[in-house]
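Reviewing the structure listed below.
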Amino acid sequence: MKPAPFQWHPASSLDEAVALLARYAPEDGRVIAGGQSLVPSMALRVALPAHLIDINGIASLARLEVEAGRLSIGACVRHAAFEHPVEPGVLGRLLATVAANIAHAPIRTRGTFCGSLANADPASEWCLVAATLGATLVAVSARGTREVAAADWFHGIMTTALAEDELLAEARLPLLATDARAGFHEFSRRAGDYALAMSLCTFRVVEGRMREARVGVGGVEPQPRRIPEAERLLEGERPEPETFARAARAAADAVDPLEDIRTRAAYRRDLVAASVRRSLQAACDDTH
Amino acid sequence: MTPRIDITLNVNGSDHDIRVEPRRTLADALRQDCGLTGTNVGCEHGVCGACTVLLDGEPVRSCLMFAVQAQGRRLRTVEGLANAEGLHPLQQAFTDHHALQCGYCTPGFLMLAVGTLERHPDIDDESLREVLSSNLCRCTGYQNILRAVRAVRDSRRLAREDAR
Amino acid sequence: MSGGHASSLAPGQRHNGDADPRRRFVGARVTRLEDPPLVRGQGTYVGNLGFPNQLHMRVVRSPVAHGVLRSIDTSAAREHPGCRGVWTGQDVADIPPITFRPTSVQGLEPYRQYILARDRVRYIGEPVAVVFAADPYVAEDIADLVTMDIEALPVLLSADAPPGEFAPGHSTEAGVLRKQFGDVDAAFREAHEVVEVDVRVGRHSGVPMEPRGALARHDHSRDVIELYGAGKRPHAHRDAVAALLGRSPVGMHFYEGHIGGGFGVRGEIYPEDVLVCLAALRLGRPVKWIEDRRENLLACNHSREQHHVVRAALDRDARILAIDAKLWHDQGAYIRTHGARVPDMAMGTLIGGYHVPAYRAVGHIRLTNKTPAATYRSPGRFESTYACERLMDAVAERFGLSPIEVRRRNLIRRDQYPYPRPMEILDHPVELDSGDFPRLLDRTLEHLRWDDLQAEIARRRDAGECVGVGMGFFMEKSGLGPVDGAKVNVDTRGKVQVVTGSSSIGQGVETVMAQICADALGVDYADVKVIHGRTDMIDYGIGAHASRATVMTGGATRMAALNVRRKALEFAAAHMIEAPIEVLDIVDGKVVRTDRPGEPGIPLGRVAAALAPSPEVVAFGIPGLTAEGWFETAGLTHPYGIHTAVVKVDPDTGGVTVERFHVAYDIGCAINPMLVEGQIVGGVAQGLGGALLEEFVYDERGEPLSVTFADYLMPTAREMPPVEVLLTEDAPSPNNALGMKGAGEAGITGVGAAIAAAIDDAIGKPGAIRELPVTPQRLRAILAGRPAGA
């Protein structure tokens with residue numbers, strides 16, 4: 001399982017990376033950051049890039065900071081950076097909870113947040129975070145810079161709005177309100193495995209009632225998304241187990257699960273119901 | 001084949017000047033080009049952890065990096081653990097607690113444990129088990145590996161407390 | 001070489017050869033002699049070895065599960081500048097198919113595999129061609145350039161389906177095995193109750209951490225082919241491979257270095273091993289082959305896939321009158337080196353430690369278009385134990401008895417041993433040598449604090465948790481003989497070398513043999529170096545498999561050490577010390593006088609030096625402080641055990657957490673309890689994998705879906721419960737002097753049964769679990785009342 005031959009182009013600035021990508025993308029050129037997903041696919045010779053533009057040396061892409069109410073995450077920020085809260089609020093705590101579910105520590109040392117978003121595996125935790133919280137993705141190319149909303153980012157399994165000559169330079173997550181609660185639950189066969197189903201839920205509690213509820217489900221359909229049928233059942237209700245159960249069942253009914261010889265749609269629906277209920281309960285219990 | 005690149009890898013404090021294709025994984029470069037065969041290859045797709053080495057003190061899977069990416073970084077492998085005085089405490093603990101049978105996963109576990117205890121000397125049992133679940137072992141059932149690492153953690157903690 | 005049997009005592013020597021003078025190392029938890037190079041990263045796994053000018057071999061494998069191989073196009077491969085050779089089936093047409101071990105089962109020959117496919121391919125992964133290059137990366141590039149034209153044929157993927165055609169004139173039912181004793185039909189007619197179970201074990205296998213590999217070199221000057229990376233049965237396989245290549249055995253030697261796990265799947269004769277040797281011979285350069293993990297999951301032996309339908313005839317007290325078993329064994333695409341051994345063992349061991357007056361078993365060996373299957377730790381026994389224990393649990397349910405009570409009524413009692421069973425397993429008559437299963441059950445319940453455990457489970461259930469406990473009772477077989485030999489030599493520095501024909505697969509054989517030798521000879525175990533896996537250093541060897549090394553090689557080592565001891569004392573008494581032999585002993589490596597404790601003794605090294613060739617020495621005997629020893633076992637040993645699992649089920653997801661696992665095992669005599677426990681805990685991990693996680697899945701075209709570690713899931717430290725081990729020595733084997741029984745398979749055999757029973761208990765549905773692995777999806781379907789697979 002040795003990769004096929006490729007030429008290696010380390011970049012030391014974003015401009016250089018973008019120029020290399022413009023030059024080599026038409027010749028099967030790709031960006032490598034953490035490589036924790038790309039390299040295995042190259043080892044299996046499923047991915048056969050002729051050129052790799054290595055962005056690990058670009059200092060400006062290691063940016064991780066709060067700016068204008070959003071957490072800006074540069075392309076080289078590793079999963080491990082989130083293991084301890086990167087900001088003092090609800091978002092920081094949520095990201096730490098989610099990070100602990102991603103693969104294993106040595107993978108988290110190398111793999112990147114933005115790399116997960118560019119890869120768009122249906123079972124990616126960060127993709128669920130981006131879709132549920134409404135991230136903004138910043139794509140840079142020789143043609144310029146554009147911002148893409150998360151709702152427009154995911155086009156299907158391992159398919160995004162990123163053009164072949166574009167680099168995902170930054171992801172921006174809106175901070176959550178101080179009265180927000182957030183919960184995450186994932187079901188996988190073993191700790192660290194890809195999720196068979198996962199859910200991320202947030203809501204604010206205003207005068208004892210849930211407001212601005214978001215129910216995100218991932219690992220079940222070609223891309224992660226919010227489930228409006230479930231969110232509607234939460235809006236204005238008290239945060240209680242029966243309400244959570246109703247919303248969870250609605251989510252299970254609403255999804256159109258991926259199905260293959262190993263995993264059946266009916267089972268994925270069961271897992272959606274369990275995950276949504278548990279992440280809502282986790283959000284409810286999330287008192288800081 | 002693509003043209004080879006001359007690189008220098010700093011491993012266990014020594015520089016190795018090698019010439020490799022870009023696609024040469026760090027694991028293969030360590031084993032073949034640097035002659036350090038202690039790091040084993042178990043899956044080549046980043047799941048088993050047998051190839052774990054330390055990169056600037058952090059455990060990484062050397063099968064998921066290309067050798068060219070490791071230039072200018074400090075690498076440590078199992079060959080760098082023992083010194084003139086003898087075995088590293090973790091190597092001794094693995095022996096004392098029968099934490100190895102065939103030994104194939106052992107270098108990976110040792111480096112994972114070394115990196116973890118160096119950076120998190122007070123790591124609790126549950127977190128330690130979580131970290132050690134990163135690597136696969138097919139012989140031991142893990143129980144003795146956990147015991148060995150806990151023993152070194154505990155004896156170092158005692159030594160720190162005695163020093164105060 | 002001088003030698004001798006245990007029965008011959010030197011004149012005047014009152015030492016009883018059947019009892020060791022001391023047990024300083026046997027029974028002690030000494031650390032392993034193997035460990036220092038392994039913890040230092042100095043292992044000699046075959047991937048670490050190499051010779052100048054070597055070529056790397058890469059296998060091109062069939063992408064089609066079943067088809068006619070019309071043509072192979074190697075032209076693009078040959079044009080690659082790095083290509084140093086390409087072979088297809090035509091290039092190795094003179095090599096016969098791979099043989100299997102001698103067996104009384106007839107009719108299996110047509111199902112053997114050629115080292116490269118000829119006219120048909122029968123599983124995805126089957127070797128079709130090999131390419132050679134100086135660099136393994138380049139070899140893989142070249143292999144990708146080989147294309148083939150295959151006319152697809154219908155695929156057969158189930159052993160239950162009606163057999164198809166393996167080749168013209170040969171059905172895919174390669175054979176039907178039958179075992180029988182007693183009047184089974186009469187028992188079923190007279191039965192008060194008849195209980196039946198229909199159960200399956202999923203396809204899984206050993207999957208060691210080190211993938212397979214081999215390195216071969218032809219030493220032209222001596223005309224010897226050397227193969228590095230051997231293991232498990234070096235002598236037998238050296239002989240077999242030499243025969244395939246048309247060479248004399250003395251023209252081949254196998255070398256075993258360090259091995260990254262065996263578990264029964266490494267060390268068999270695979271096409272790749274033969275190809276590597278042949279290539280070294282024909283290409284005139286050393287040839288190295290290391291498989292990758294995908295190949296390992298695709299082409300290394302699979303195992304375990306069996307379907308059992310088992311019925312019991314019971315009297316009104318739930319005592320077994322007869323058992324009638326049918327089994328469909330999924331053999332995969334070819335019959336490999338084990339012939340029919342796995343289904344044979346499954347059928348022969350199914351009734352375990354129970355008193356069964358009449359028994360009938362029929363085993364269908366069915367070939368399918370999947371990876372060939374063979375032995376994996378506790379072969380046939382993991383499967384049949386699962387089936388029998390599911391049956392016993394069903395009996396308990398039918399009679400309204402506890403699972404434990406049903407076992408009590410049916411386990412063979414101590415006074416019934418030795419207990420013959422009128423049938424054969426692997427062409428050996430069956431006699432269970434010693435045992436006290438009821439006592440082990442008592443000790444297990446006590447060790448578990450059974451009543452407290454039951455009370456705690458009841459409490460937790462009241463609180464709404466889905467928890468349960470289950471047990472699996474099993475009888476093992478070990479110590480497969482019939483004979484083994486070893487040589488012991490003491491050098492002039494007093495260091496001891498034991499040359500065995502054994503094999504180290506990571507289980508600690510060097511340490512265990514050193515312990516046995518040390519006690520028998522009177523030296524420190526750390527001064528004993530054990531050689532294994534070297535066909536050039538000892539002419540015969542049994543390797544290591546079937547949990548036989550401790551018993552057989554240990555027995556031979558002990559005999560050889562006792563013979564060296566006797567030689568040293570005889571020579572010392574005759575030529576070095578003015579003392580009668582009755583007062584001499586060897587303590588801490590010195591010949592001492594037991595009647596003069598203060599006197600310094602003579603170091604063994606000096607005795608060895610004194611035994612250098614001279615007329616005086618030759619008059620005494622053969623020079624050198626060396627002796628052989630041969631050990632013959634009277635029969636297999638039968639250790640036995642009980643596995644107990646406590647599990648918690650998440651009813652919403654079907655997830656299972658194993659909270660606690662207990663192993664009770666009577667080992668007869670544990671040479672190194674620390675190593676035994678290590679074997680057991682490791683076996684439990686593999687058993688849990690087979691019960692809950694591991695499965696080789698195929699799609700409807702025969703495409704394997706479990707080809708990376710992302711799909712083939714094995715337990716990590718997180719999935720492992722704490723494992724408690726209760727080792728007992730209540731029933732030592734009468735078949736060897738130390739009473740030893742093997743332990744390599746003790747941790748795995750009953751796991752499937754215990755987990756299934758525990759899950760049934762947790763969900764409150766007796767008999768619900770019929771199929772392994774119990775994936776969350778399957779369990780959730782059971783809980784939701786959906787059909788399996790929905």
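In the structure tokens, chains take letters A, B, ... by order of appearance, with residues numbered from 1 within each chain and ligands from 1 in the order shown.
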
Residues near B:Leu90, anyone? I mean within 8 Å using only C-alpha atoms, not counting same-chain ones fewer than 3 positions away, as a ChimeraX atom specification. /B:87,93-94,110,113-114,148-149,152

Could you write out that same residue set with N, CA and C atoms as a PDB file, in the first residue's frame?
```pdb
ATOM      1  N   LEU B  87      17.814   0.561  30.195  1.00  0.00           N
ATOM      2  CA  LEU B  87      16.516   0.739  29.553  1.00  0.00           C
ATOM      3  C   LEU B  87      15.803   1.968  30.084  1.00  0.00           C
ATOM      4  N   ALA B  93       9.393  -1.286  32.538  1.00  0.00           N
ATOM      5  CA  ALA B  93       8.047  -1.571  33.055  1.00  0.00           C
ATOM      6  C   ALA B  93       7.314  -2.555  32.154  1.00  0.00           C
ATOM      7  N   PHE B  94       7.472  -2.416  30.848  1.00  0.00           N
ATOM      8  CA  PHE B  94       6.831  -3.360  29.925  1.00  0.00           C
ATOM      9  C   PHE B  94       7.352  -4.773  30.185  1.00  0.00           C
ATOM     10  N   LEU B 110       5.254   2.113  23.116  1.00  0.00           N
ATOM     11  CA  LEU B 110       6.262   2.795  23.933  1.00  0.00           C
ATOM     12  C   LEU B 110       6.332   4.273  23.577  1.00  0.00           C
ATOM     13  N   ALA B 113       3.303   6.096  24.774  1.00  0.00           N
ATOM     14  CA  ALA B 113       3.332   6.279  26.221  1.00  0.00           C
ATOM     15  C   ALA B 113       4.370   7.317  26.626  1.00  0.00           C
ATOM     16  N   VAL B 114       5.541   7.274  26.008  1.00  0.00           N
ATOM     17  CA  VAL B 114       6.584   8.255  26.337  1.00  0.00           C
ATOM     18  C   VAL B 114       6.062   9.669  26.070  1.00  0.00           C
ATOM     19  N   ALA B 148       1.616  -1.312  33.018  1.00  0.00           N
ATOM     20  CA  ALA B 148       3.003  -0.864  32.897  1.00  0.00           C
ATOM     21  C   ALA B 148       3.081   0.655  32.808  1.00  0.00           C
ATOM     22  N   VAL B 149       2.212   1.258  32.015  1.00  0.00           N
ATOM     23  CA  VAL B 149       2.283   2.713  31.864  1.00  0.00           C
ATOM     24  C   VAL B 149       1.851   3.401  33.150  1.00  0.00           C
ATOM     25  N   VAL B 152       4.701   3.459  35.676  1.00  0.00           N
ATOM     26  CA  VAL B 152       5.733   4.481  35.472  1.00  0.00           C
ATOM     27  C   VAL B 152       5.183   5.851  35.844  1.00  0.00           C
TER      28      VAL B 152
END
```

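Every protein, DNA or RNA residue with an atom at most 7 Å from C:Leu772, where only C-alpha atoms count and chain neighbours fewer than 6 positions away do not, is listed here: Arg200, Val201, Gly202, Ala691 and Leu692 of chain C.
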
Grab the residues selected above and save them as a CSV table (one decimal), in the first residue's frame with C-alpha atoms.
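Result saved to result31.csv:
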```csv
chain,number,residue,atom,x,y,z
C,200,ARG,CA,-23.9,-19.3,13.2
C,201,VAL,CA,-20.4,-18.0,13.8
C,202,GLY,CA,-19.3,-15.2,11.4
C,691,ALA,CA,-18.2,-12.2,19.5
C,692,LEU,CA,-18.9,-8.5,18.9
```

Nearest to B:Pro59 by atom-to-atom distance, counting only C-alpha atoms, from B:Met111, B:Ala151, B:Leu132, B:Leu75: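 Smallest distance to B:Pro59 is found for B:Met111.
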
Neighbours of A:Trp153 within 12 Å (only C-alpha atoms; same-chain residues fewer than 5 positions away dropped), as a ChimeraX atom specification? /A:117-120,127-128,130-131,134-139,146-148,158-163,168,171,223-225

Looking only at the backbone, which of the residues in stretch 120-227 of chain A does DSSP tag as helix (DSSP H, G or I), as a PyMOL selection string? chain A and resi 125-133+150-153

Those selected residues, please, written with C-alpha atoms and delivered as a short mmCIF file (atom, residue, chain, number, x, y, z; two decimals), in the first residue's frame.
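Below is the file that was written, part.cif:
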```cif
data_model
loop_
_atom_site.label_atom_id
_atom_site.label_comp_id
_atom_site.auth_asym_id
_atom_site.auth_seq_id
_atom_site.Cartn_x
_atom_site.Cartn_y
_atom_site.Cartn_z
CA GLU A 125 -17.77 15.66 13.24
CA TRP A 126 -16.52 19.10 12.20
CA CYS A 127 -18.74 19.02 9.15
CA LEU A 128 -21.72 18.52 11.42
CA VAL A 129 -20.54 21.42 13.57
CA ALA A 130 -20.16 23.66 10.52
CA ALA A 131 -23.56 22.73 9.13
CA THR A 132 -25.44 23.07 12.40
CA LEU A 133 -23.89 26.31 13.62
CA ALA A 150 -22.19 26.12 5.25
CA ALA A 151 -25.68 25.55 3.87
CA ASP A 152 -24.20 25.89 0.38
CA TRP A 153 -20.95 24.11 1.09
#
```

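Considering the residues C:Leu297, C:Ala325, C:Leu779, C:Leu55 and counting only C-alpha atoms, chain B has its shortest atom-to-atom contact with C:Leu297.
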